[in-house]
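Q: Attaching a single structure in structure tokens format; questions to follow.
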Amino acid sequence: MSDAPTVSSLRTVGEHIELDVGDDIASSPRYNADIAPTRAAQRTWSRWNVASLWVGMAICVPTYTLGGVLTAYFGLSVSEALWTILIANIVVLIPLTLNAFPGTRYGIPCPVVLRASFGIIGSNVPSLIRAIVACGWFGVQTLFGGIAIHLLLSALFDGWAALGGTGEVLGFFIFWVLNIAVVIRGSESIKHLETLAAPLLLIVAIGLIVWALPKVSMSDVLAVPANRPADASFAPYFMAALTAMVGFWATLSLNIPDFSRFAKSQRSQVIGQIIGLPLTMFLFAGLGVVLTAASMSLVGETISDPINLIGRIDSPLWVVLSMLMIILATISTNTAANIVSPTNSFQNIAPRYINENRGVMITGLIGILLMSWELLKKLGWIESDVSLESLYSNWLIGYSSLLGPIAGIMIVDYFLVKDQSYDLLSLYKDGGAYPAWNVGGIVAFLIPVALTVLSFKVGALSWFYTYGWFTGSILGGLIYFLIARREAGSHR
């Protein structure tokens with residue numbers, strides 16, 4: 001006989017809602033222990049743990065290259081690029097903190113939150129779209145980590161250096177295993193990793209600044225002119241760049257409940273995100289701009305990638321120490337930002353058959369598949385003109401802008417439609433308060449996405465894509481609200 005009660009029950013513990021699981025929920029095909037609501041005792045993340053999470057995620061190779069991406073691809077000057085990064089990360093705090101609220105109150109991950117607005121089965125649509133983006137970023141970050149491991153081992157062993165591209169591929173798989181091992185150990189291992197990594201990464205960033213500043217003129221760097229026609233208006237270039245930068249963390253604004261479900265309180269998650277995100281992004285992206293400008297005097301050529309720049313230092317000791325820090329930085333970003341979310345999304349498809357460990361392995365295998373072309377290039381088996389930088393600066397960030405409607409729908413559903421109150425038991429079973437498919441959520445998502453795709457073809461609608469994340473999130477939220485009000489009125 002089971003010790004569990006026949007019927008599940010809820011209780012309030014401080015500001016948290018806690019679920020005591022009974023046979024009715026435990027036997028549901030929509031439930032497993034890994035996507036179950038966290039117990040109140042598991043919600044241990046303080047504001048500093050949340051801030052450390054963001055420091056660990058923000059200090060990474062793509063952040064370092066953002067300044068260069070904005071100047072090269074979006075026609076901004078260096079100073080304009082840095083201001084854009086800061087403003088974008090202040091803007092993205094709004095959906096991040098708001099969408100974290102249901103995770104903190106109910107202890108539920110992102111796919112379960114999405115069941116309220118898209119339906120029990122329908123939640124798989126936005127969850128899997130989000131998961132594919134994360135798997136793509138996981139592959140990109142694992143490539144960077146693999147290069148760092150290759151350079152680390154090359155500094156220690158001459159024989160490894162001779163492997164060239166093959167060494168980078170081997171490094172990819174070594175780094176892949178390290179990432180998977182951290183996540184399989186659970187949320188506490190991620191918390192401890194981020195808490196350890198955050199101060200070390202800040203020290204490395206400061207060390208790089210001290211190393212570079214004597215060799216570069218800050219006034220010259222900030223005076224670099226914009227890469228756009230002299231008579232061109234600043235506004236459209238700025239808004240396109242702002243949309244891209246918001247898109248950089250727009251993915252996390254969806255699945256932030258995956259982490260806020262472990263927060264001690266709403267205050268902890270809000271203050272932790274405010275402390276951890278905007279300044280870290282601004283300072284590390286600024287560091288990338290300075291070091292890229294300094295690279296000519298440091299190593300004789302312009303290098304926008306910190307891994308290869310540090311690898312050119314003529315000191316094996318400094319290369320080894322720096323690569324260890326970059327490996328730590330990339331693991332701390334990858335595990336939190338790119339593995340947790342798809343792991344929960346894949347579990348949401350069939351919780352009875354896919355647990356956390358299986359979800360992690362599916363994520364890892366898709367990450368390998370998405371980066372297979374780059375691995376084959378490094379082995380010399382195929383030739384391709386597609387660069388890694390163009391992949392994440394164009395496709396991944398552009399694709400992220402399509403996720404705007406989901407963020408808008410989530411916020412409107414929780415705060416305006418559901419009035420910050422979920423039927424927690426119904427989120428874990430069929431036939432409860434929530435339908436299998438919520439047509440309103442699906443329609444509110446598809447209309448902005450269709451308009452975004454159409455804007456590629458119709459010149460008059462180009463602004464809709466240029467401001468993609470903003471137009472999508474506002475329109476998606478508005479359509480969802482109107483449909484929900486109409487349905488509520490019809491039931492009166």
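A note on labels: chains of the structure tokens are A, B, ... as shown, every chain counts residues from 1, and ligands are counted from 1 in their shown order.
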Among region 12-173 of chain A, which residues does DSSP mark as alpha helix (DSSP H) when it is run on the backbone? Keep the chain and numbering as in the structure and answer as a PyMOL selection string.
A: chain A and resi 23-26+47-58+61-73+78-91+93-106+110-118+124-156+158-161+165-173
Q: Write out as a JSON list (two decimals) with N, CA and C atoms, in the first residue's frame which residues come within 12 Å of Ser268 (chain A) when counting only C-alpha atoms, dropping same-chain ones fewer than 2 positions away.
A:
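Result file is part_4.json:
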```json
[["chain", "number", "residue", "atom", "x", "y", "z"],
["A", 43, "ARG", "N", 13.26, 25.75, -1.44],
["A", 43, "ARG", "CA", 13.35, 27.10, -1.99],
["A", 43, "ARG", "C", 14.34, 27.91, -1.14],
["A", 44, "THR", "N", 15.62, 27.69, -1.46],
["A", 44, "THR", "CA", 16.71, 28.19, -0.62],
["A", 44, "THR", "C", 17.55, 29.28, -1.28],
["A", 45, "TRP", "N", 17.24, 29.67, -2.52],
["A", 45, "TRP", "CA", 18.09, 30.61, -3.24],
["A", 45, "TRP", "C", 17.84, 32.03, -2.73],
["A", 46, "SER", "N", 18.89, 32.65, -2.19],
["A", 46, "SER", "CA", 18.80, 34.02, -1.72],
["A", 46, "SER", "C", 19.01, 34.98, -2.89],
["A", 47, "ARG", "N", 18.90, 36.28, -2.61],
["A", 47, "ARG", "CA", 19.15, 37.28, -3.67],
["A", 47, "ARG", "C", 20.56, 37.13, -4.23],
["A", 48, "TRP", "N", 21.52, 36.73, -3.38],
["A", 48, "TRP", "CA", 22.90, 36.60, -3.83],
["A", 48, "TRP", "C", 23.09, 35.36, -4.70],
["A", 49, "ASN", "N", 22.33, 34.29, -4.40],
["A", 49, "ASN", "CA", 22.37, 33.11, -5.27],
["A", 49, "ASN", "C", 21.80, 33.45, -6.65],
["A", 50, "VAL", "N", 20.70, 34.21, -6.66],
["A", 50, "VAL", "CA", 20.08, 34.62, -7.93],
["A", 50, "VAL", "C", 21.02, 35.55, -8.69],
["A", 51, "ALA", "N", 21.64, 36.51, -7.97],
["A", 51, "ALA", "CA", 22.60, 37.41, -8.61],
["A", 51, "ALA", "C", 23.79, 36.63, -9.17],
["A", 97, "THR", "N", 11.55, 39.45, -14.36],
["A", 97, "THR", "CA", 11.05, 39.47, -12.98],
["A", 97, "THR", "C", 9.57, 39.11, -12.93],
["A", 100, "ALA", "N", 8.99, 35.41, -13.45],
["A", 100, "ALA", "CA", 9.53, 34.61, -12.34],
["A", 100, "ALA", "C", 8.52, 34.45, -11.21],
["A", 101, "PHE", "N", 7.51, 35.32, -11.15],
["A", 101, "PHE", "CA", 6.57, 35.31, -10.02],
["A", 101, "PHE", "C", 5.85, 33.98, -9.83],
["A", 104, "THR", "N", 8.15, 31.30, -8.36],
["A", 104, "THR", "CA", 8.47, 31.47, -6.94],
["A", 104, "THR", "C", 7.28, 31.13, -6.06],
["A", 259, "PHE", "N", 14.21, 28.54, -12.52],
["A", 259, "PHE", "CA", 15.13, 28.90, -11.44],
["A", 259, "PHE", "C", 14.41, 29.59, -10.28],
["A", 260, "SER", "N", 13.42, 30.44, -10.60],
["A", 260, "SER", "CA", 12.74, 31.16, -9.52],
["A", 260, "SER", "C", 11.94, 30.20, -8.63],
["A", 261, "ARG", "N", 11.69, 28.98, -9.09],
["A", 261, "ARG", "CA", 10.99, 28.00, -8.25],
["A", 261, "ARG", "C", 11.84, 27.59, -7.05],
["A", 262, "PHE", "N", 13.12, 27.96, -7.05],
["A", 262, "PHE", "CA", 14.00, 27.66, -5.92],
["A", 262, "PHE", "C", 14.29, 28.90, -5.07],
["A", 263, "ALA", "N", 13.69, 30.06, -5.42],
["A", 263, "ALA", "CA", 13.97, 31.31, -4.71],
["A", 263, "ALA", "C", 13.27, 31.33, -3.35],
["A", 264, "LYS", "N", 13.93, 31.96, -2.37],
["A", 264, "LYS", "CA", 13.36, 32.07, -1.02],
["A", 264, "LYS", "C", 12.09, 32.91, -1.01],
["A", 265, "SER", "N", 12.05, 33.94, -1.86],
["A", 265, "SER", "CA", 10.93, 34.87, -1.86],
["A", 265, "SER", "C", 10.90, 35.65, -3.17],
["A", 266, "GLN", "N", 9.77, 36.33, -3.41],
["A", 266, "GLN", "CA", 9.70, 37.20, -4.59],
["A", 266, "GLN", "C", 10.75, 38.30, -4.49],
["A", 270, "VAL", "N", 13.58, 39.17, -7.42],
["A", 270, "VAL", "CA", 13.57, 40.49, -8.06],
["A", 270, "VAL", "C", 14.90, 41.22, -7.82],
["A", 271, "ILE", "N", 15.30, 41.32, -6.56],
["A", 271, "ILE", "CA", 16.54, 42.04, -6.24],
["A", 271, "ILE", "C", 17.75, 41.32, -6.82],
["A", 272, "GLY", "N", 17.76, 39.98, -6.75],
["A", 272, "GLY", "CA", 18.89, 39.22, -7.29],
["A", 272, "GLY", "C", 19.08, 39.45, -8.77],
["A", 273, "GLN", "N", 17.97, 39.53, -9.53],
["A", 273, "GLN", "CA", 18.08, 39.76, -10.97],
["A", 273, "GLN", "C", 18.52, 41.19, -11.27],
["A", 274, "ILE", "N", 18.03, 42.15, -10.49],
["A", 274, "ILE", "CA", 18.44, 43.54, -10.69],
["A", 274, "ILE", "C", 19.93, 43.71, -10.41],
["A", 275, "ILE", "N", 20.42, 43.05, -9.37],
["A", 275, "ILE", "CA", 21.85, 43.14, -9.02],
["A", 275, "ILE", "C", 22.71, 42.43, -10.07],
["A", 276, "GLY", "N", 22.25, 41.27, -10.52],
["A", 276, "GLY", "CA", 23.13, 40.39, -11.29],
["A", 276, "GLY", "C", 23.22, 40.62, -12.78]]
```
Q: For each of A:Pro37, A:Gly107, A:Pro306, A:Pro62, take the minimum atom-to-atom distance to Ser322 (chain A), counting only C-alpha atoms, then give the residue where this is smallest.
A: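 Result for the nearest residue to Ser322 (chain A): A:Pro306.
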Q: Measuring atom to atom with only C-alpha atoms, identify which of A:Asn344, A:His192, A:Leu291, A:Pro236 is nearest to Ser462 (chain A).
A: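 Among the listed residues, A:Pro236 lies closest to Ser462 (chain A).
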Q: Measuring between only C-alpha atoms, which one of A:Asn89, A:Gly171, A:Val417, A:Val78 shows the shortest distance to Gly247 (chain A)?
A: A:Asn89
Q: So which residues touch region 68-74 of chain A within 9 Å, counting only C-alpha atoms, skipping near sequence neighbours fewer than 6 positions away, as an mmCIF file with N, CA and C atoms, in the first residue's frame?
A:
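Everything below was put into part24.cif:
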```
data_model
loop_
_atom_site.group_PDB
_atom_site.id
_atom_site.type_symbol
_atom_site.label_atom_id
_atom_site.label_comp_id
_atom_site.auth_asym_id
_atom_site.auth_seq_id
_atom_site.Cartn_x
_atom_site.Cartn_y
_atom_site.Cartn_z
ATOM 1 N N GLU A 80 27.668 53.956 -28.561
ATOM 2 C CA GLU A 80 26.243 53.647 -28.776
ATOM 3 C C GLU A 80 25.961 52.178 -28.494
ATOM 4 N N ALA A 81 26.882 51.304 -28.898
ATOM 5 C CA ALA A 81 26.700 49.865 -28.666
ATOM 6 C C ALA A 81 26.643 49.556 -27.176
ATOM 7 N N LEU A 82 27.531 50.159 -26.394
ATOM 8 C CA LEU A 82 27.560 49.890 -24.953
ATOM 9 C C LEU A 82 26.296 50.401 -24.266
ATOM 10 N N THR A 84 23.406 50.698 -25.690
ATOM 11 C CA THR A 84 22.325 49.819 -26.140
ATOM 12 C C THR A 84 22.288 48.542 -25.311
ATOM 13 N N ALA A 226 30.433 55.388 -36.019
ATOM 14 C CA ALA A 226 29.413 54.400 -36.357
ATOM 15 C C ALA A 226 29.598 53.902 -37.779
ATOM 16 N N ASN A 227 29.269 52.631 -37.979
ATOM 17 C CA ASN A 227 29.389 51.988 -39.295
ATOM 18 C C ASN A 227 28.050 52.095 -40.036
ATOM 19 N N ARG A 228 27.626 53.342 -40.316
ATOM 20 C CA ARG A 228 26.373 53.581 -41.039
ATOM 21 C C ARG A 228 26.525 54.865 -41.840
ATOM 22 N N TYR A 237 18.470 52.196 -36.450
ATOM 23 C CA TYR A 237 19.628 51.361 -36.145
ATOM 24 C C TYR A 237 19.621 50.970 -34.667
ATOM 25 N N PHE A 238 19.304 51.947 -33.813
ATOM 26 C CA PHE A 238 19.259 51.694 -32.370
ATOM 27 C C PHE A 238 18.172 50.682 -32.031
ATOM 28 N N ALA A 240 16.737 48.384 -33.935
ATOM 29 C CA ALA A 240 17.089 47.045 -34.426
ATOM 30 C C ALA A 240 18.101 46.391 -33.495
ATOM 31 N N ALA A 241 19.099 47.156 -33.072
ATOM 32 C CA ALA A 241 20.115 46.626 -32.162
ATOM 33 C C ALA A 241 19.513 46.318 -30.798
ATOM 34 N N ALA A 244 17.626 43.092 -30.936
ATOM 35 C CA ALA A 244 18.546 41.950 -30.950
ATOM 36 C C ALA A 244 19.110 41.682 -29.559
ATOM 37 N N MET A 245 19.452 42.755 -28.836
ATOM 38 C CA MET A 245 20.040 42.574 -27.502
ATOM 39 C C MET A 245 19.011 42.091 -26.492
ATOM 40 N N ALA A 285 30.572 43.078 -21.746
ATOM 41 C CA ALA A 285 30.527 43.465 -23.168
ATOM 42 C C ALA A 285 31.487 44.625 -23.416
ATOM 43 N N GLY A 288 34.903 43.353 -23.738
ATOM 44 C CA GLY A 288 35.126 42.789 -25.067
ATOM 45 C C GLY A 288 35.492 43.851 -26.083
ATOM 46 N N VAL A 289 34.816 44.991 -26.008
ATOM 47 C CA VAL A 289 35.121 46.100 -26.928
ATOM 48 C C VAL A 289 36.554 46.590 -26.715
ATOM 49 N N THR A 292 39.160 43.856 -27.769
ATOM 50 C CA THR A 292 39.211 43.715 -29.223
ATOM 51 C C THR A 292 40.006 44.869 -29.829
ATOM 52 N N SER A 304 38.406 39.258 -31.998
ATOM 53 C CA SER A 304 37.211 39.564 -31.210
ATOM 54 C C SER A 304 36.791 38.423 -30.302
ATOM 55 N N GLU A 389 30.017 32.882 -35.746
ATOM 56 C CA GLU A 389 29.568 34.203 -35.323
ATOM 57 C C GLU A 389 28.268 34.592 -36.037
ATOM 58 N N SER A 393 24.796 35.413 -34.120
ATOM 59 C CA SER A 393 24.417 36.831 -34.197
ATOM 60 C C SER A 393 23.194 37.031 -35.080
#
```
Q: By how many Å are CA of Val320 (chain A) and CA of Leu152 (chain A) apart?
A: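 Separation of CA of Val320 (chain A) and CA of Leu152 (chain A): 5.2 Å.
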Q: Using only C-alpha atoms, which of the listed residues (A:Ser426, A:Asn348, A:Thr363, A:Gln269) sits closest to Ile132 (chain A)?
A: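 Smallest separation from Ile132 (chain A) among the options: A:Thr363.
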Q: Quick one: everything within 10 Å of Ser421 (chain A), counting only C-alpha atoms, minus sequence neighbours fewer than 6 positions away in the same chain. Send it as a list in words.
A: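 Listing them by chain and then by number gives Pro102, Arg105, Tyr106, Asp413, Tyr414 and Phe415 of chain A.
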Q: I'd like to know which of A:Gly440, A:Leu143, A:Gly103, A:Thr243 is closest to Phe464 (chain A), using only C-alpha atoms.
A: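 Ranked by minimum distance to Phe464 (chain A), first place goes to A:Thr243.
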Q: Let me make sure I understand: among A:Ala212, A:Ala116, A:Leu53, A:Ala205, which one has the smallest atom-to-atom distance to Leu425 (chain A) if we use only C-alpha atoms?
A: A:Ala116
Q: Just want the 10 Å neighbourhood of Thr335 (chain A), counted on only C-alpha atoms, with same-chain residues fewer than 5 positions away dropped. Output as a PyMOL selection string.
A: chain A and resi 56-57+138+141+178-184+190+193-194+330+340-341
